[in-house]
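Colleague: Quick one: this structure, given as structure tokens, is what I'll be asking you about.
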Amino acid sequence: MTATHIRSLPGPPDIAGTLRTGRRSGTIPGLRYRQVAPADPVKAAEIDRRLESWARRLDLFPETWNGDFSGFQFGRAVVLQHPEAADLERLTVAGKLLLAENIVDNCYCEEDEDKGGSRSGLGGRLVLAQSALDPYQGPPDLQEQWLSGVQADGPLRSYHWALKDYAVIATPSQTDRFLHDIARLHLGYLGEAAWGETRYMPQVWEYLVMRQFNNFRPCLSIVDAVDGWELPEAVYARPEIQRFTALAGNATTLVNDLYSFTKELADPTHLNLPQVIAANERCGLKAAYLKAVGIHNQIMEAFDEESALLAAGSPLVERYARGLSDWVAGNHEWHATNSHRYHLPNYW
């Protein structure tokens, strides 16, 4: 692997100007996506009420995060992402997992002194975070010390109790599936953090590999549990099912890159696909952004075609593929309509 460092590459031109001229939220022209109905506002508000009550009860974040919580629109996100959810309780559990993942990401991974995050020492924090989901097993006195440590930290508490609630609605194999997908996510966090510390600019294919791990997959692969059924482990583990699950995760994660692109220009060390393309191909950000849209579309097309082909031969696979497709479509709608968080660049 030949190292290319961020400092040796030209920075993005006129960042402030791009931010000033960015469009309000809306659909990215040329992006491949499926339209969905707006979220039921009453249902979304109820999920938000339950989530905020849960978070306050566990003291998961300070009062200064109030705007972040309401602006994220957790309730609307999960209502859009899980249109076939069996009941409000399962939607609430999906929201708890989503909230916990965001708390860990913000408090442990983001370079933000106010929230305590840092790339430095991230591996140690994420090992403990994984243990909040996948409990330490050992002598009783040491297990008690571990549990006390977990309960003393907000991000660890959020993981621990969200997983407890998920295990109530999910089967043991679905819960174990989630643990593996969170470990994948943590590996992706570590890869991105390592590049940030060393100022390494990955090649495009390297960046996409990292994003297959630093990914929405933990949210996607719970769709059957939230809908009230289970895709059998023996079916889920098949390589072709794993492939289209990964494709769905990759497509929707690149949607996040594209919609958060303008916001992330304020931090020149934060990587996203357009910036990586621009650095590697030494082209302008507009050309890189449009190329990134094309890469997303190729991945999305492969997911649509391959999942449809496999679904034709199995009602169970068809139901799982539909759940993934619903999540991808709902997540796009959430990004495209969340003007609190996202603005599009003025590239059209």
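Labels for the structure tokens follow display order: chains A, B, ..., residues from 1 in each chain, ligands from 1.
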Determine, counting only C-alpha atoms, which protein, DNA and RNA residues have an atom within 7 Å of an atom of stretch 44-57 of chain A; residues of the same chain fewer than 4 positions away are not included. Present the result as a PyMOL selection string.

Modeller: chain A and resi 39-40+74-76+79+92+95-96

Colleague: Using only C-alpha atoms, what table do you get, as CSV, when you list each residue of stretch 259-333 of chain A with an atom no more than 12 Å from stretch 209-230 of chain A, its nearest pair of atoms, and their distance in Å rounded to one decimal, rows by chain then rising number?

Modeller:
```
residue,atom,partner,partner_atom,distance
A:Leu271,CA,A:Arg211,CA,10.4
A:Asn272,CA,A:Arg211,CA,9.3
A:Leu273,CA,A:Arg211,CA,9.3
A:Ile299,CA,A:Gln212,CA,11.8
A:Leu316,CA,A:Glu230,CA,8.8
A:Val317,CA,A:Asp224,CA,10.6
A:Glu318,CA,A:Asp224,CA,11.4
A:Arg319,CA,A:Asp224,CA,8.3
A:Tyr320,CA,A:Asp224,CA,6.4
A:Ala321,CA,A:Val223,CA,9.5
A:Arg322,CA,A:Val223,CA,9.4
A:Gly323,CA,A:Val223,CA,5.7
A:Leu324,CA,A:Leu220,CA,6.1
A:Ser325,CA,A:Leu220,CA,9.3
A:Asp326,CA,A:Val223,CA,9.1
A:Trp327,CA,A:Leu220,CA,6.6
A:Val328,CA,A:Leu220,CA,8.1
A:Ala329,CA,A:Leu220,CA,11.4
A:Gly330,CA,A:Leu220,CA,11.2
A:Asn331,CA,A:Phe216,CA,9.9
```

Colleague: Please list as a list of chain:residue names every residue within 12 Å of A:Gly294, counting only C-alpha atoms and excluding residues in the same chain fewer than 3 positions away.

Modeller: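 Residues near the query, excluding close chain neighbours: A:Ile28, A:Pro29, A:Gly30, A:Leu31, A:Arg32, A:Ala251, A:Leu254, A:Val255, A:Leu258, A:Leu273, A:Pro274, A:Ile277, A:Ala287, A:Ala288, A:Tyr289, A:Leu290, A:Lys291, A:Asn297, A:Gln298, A:Ile299, A:Met300, A:Glu301.
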
Colleague: Store the residues picked out above, limited to N, CA and C atoms, as a short mmCIF file (atom, residue, chain, number, x, y, z; two decimals), in the first residue's frame.

Modeller:
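Output saved as result.cif:
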```
data_model
loop_
_atom_site.label_atom_id
_atom_site.label_comp_id
_atom_site.auth_asym_id
_atom_site.auth_seq_id
_atom_site.Cartn_x
_atom_site.Cartn_y
_atom_site.Cartn_z
N ILE A 28 -31.12 14.58 -4.14
CA ILE A 28 -29.95 14.79 -4.98
C ILE A 28 -30.31 14.44 -6.43
N PRO A 29 -30.19 15.36 -7.36
CA PRO A 29 -30.50 15.05 -8.77
C PRO A 29 -29.65 13.89 -9.29
N GLY A 30 -30.30 12.97 -9.99
CA GLY A 30 -29.59 11.86 -10.59
C GLY A 30 -29.36 10.68 -9.67
N LEU A 31 -29.71 10.80 -8.38
CA LEU A 31 -29.50 9.71 -7.43
C LEU A 31 -30.56 8.63 -7.61
N ARG A 32 -30.14 7.38 -7.59
CA ARG A 32 -31.08 6.26 -7.69
C ARG A 32 -31.67 5.99 -6.31
N ALA A 251 -24.81 1.13 -0.06
CA ALA A 251 -25.57 2.15 -0.78
C ALA A 251 -26.09 3.23 0.17
N LEU A 254 -23.34 5.49 1.58
CA LEU A 254 -22.89 6.51 0.63
C LEU A 254 -23.94 7.61 0.48
N VAL A 255 -25.20 7.29 0.67
CA VAL A 255 -26.23 8.34 0.73
C VAL A 255 -25.88 9.33 1.84
N LEU A 258 -23.11 11.61 0.75
CA LEU A 258 -23.53 12.61 -0.22
C LEU A 258 -24.37 13.72 0.41
N LEU A 273 -16.69 10.23 0.50
CA LEU A 273 -16.33 9.72 -0.81
C LEU A 273 -15.98 10.82 -1.82
N PRO A 274 -16.76 11.91 -1.95
CA PRO A 274 -16.35 12.94 -2.91
C PRO A 274 -14.97 13.51 -2.63
N ILE A 277 -12.33 10.98 -3.74
CA ILE A 277 -12.22 10.97 -5.20
C ILE A 277 -11.46 12.20 -5.69
N ALA A 287 -16.97 17.64 -9.76
CA ALA A 287 -16.79 16.43 -10.58
C ALA A 287 -16.70 15.19 -9.69
N ALA A 288 -16.01 15.32 -8.54
CA ALA A 288 -15.87 14.19 -7.63
C ALA A 288 -17.22 13.81 -7.01
N TYR A 289 -18.00 14.82 -6.67
CA TYR A 289 -19.32 14.57 -6.08
C TYR A 289 -20.22 13.82 -7.06
N LEU A 290 -20.25 14.27 -8.31
CA LEU A 290 -21.09 13.63 -9.31
C LEU A 290 -20.61 12.20 -9.59
N LYS A 291 -19.30 11.98 -9.54
CA LYS A 291 -18.80 10.62 -9.71
C LYS A 291 -19.22 9.74 -8.53
N ASN A 297 -25.04 4.80 -7.34
CA ASN A 297 -26.07 4.25 -8.22
C ASN A 297 -25.72 2.85 -8.70
N GLN A 298 -24.44 2.60 -8.98
CA GLN A 298 -24.02 1.26 -9.38
C GLN A 298 -24.27 0.24 -8.27
N ILE A 299 -23.95 0.64 -7.04
CA ILE A 299 -24.16 -0.25 -5.90
C ILE A 299 -25.65 -0.49 -5.68
N MET A 300 -26.43 0.58 -5.79
CA MET A 300 -27.87 0.46 -5.59
C MET A 300 -28.51 -0.42 -6.66
N GLU A 301 -28.06 -0.28 -7.88
CA GLU A 301 -28.58 -1.10 -8.98
C GLU A 301 -28.26 -2.57 -8.74
#
```

Colleague: Can you list, as a PyMOL selection string, all residues belonging to stretch 84-149 of chain A that DSSP tags as helix (DSSP H, G or I)?

Modeller: chain A and resi 88-109+122-133+140-149
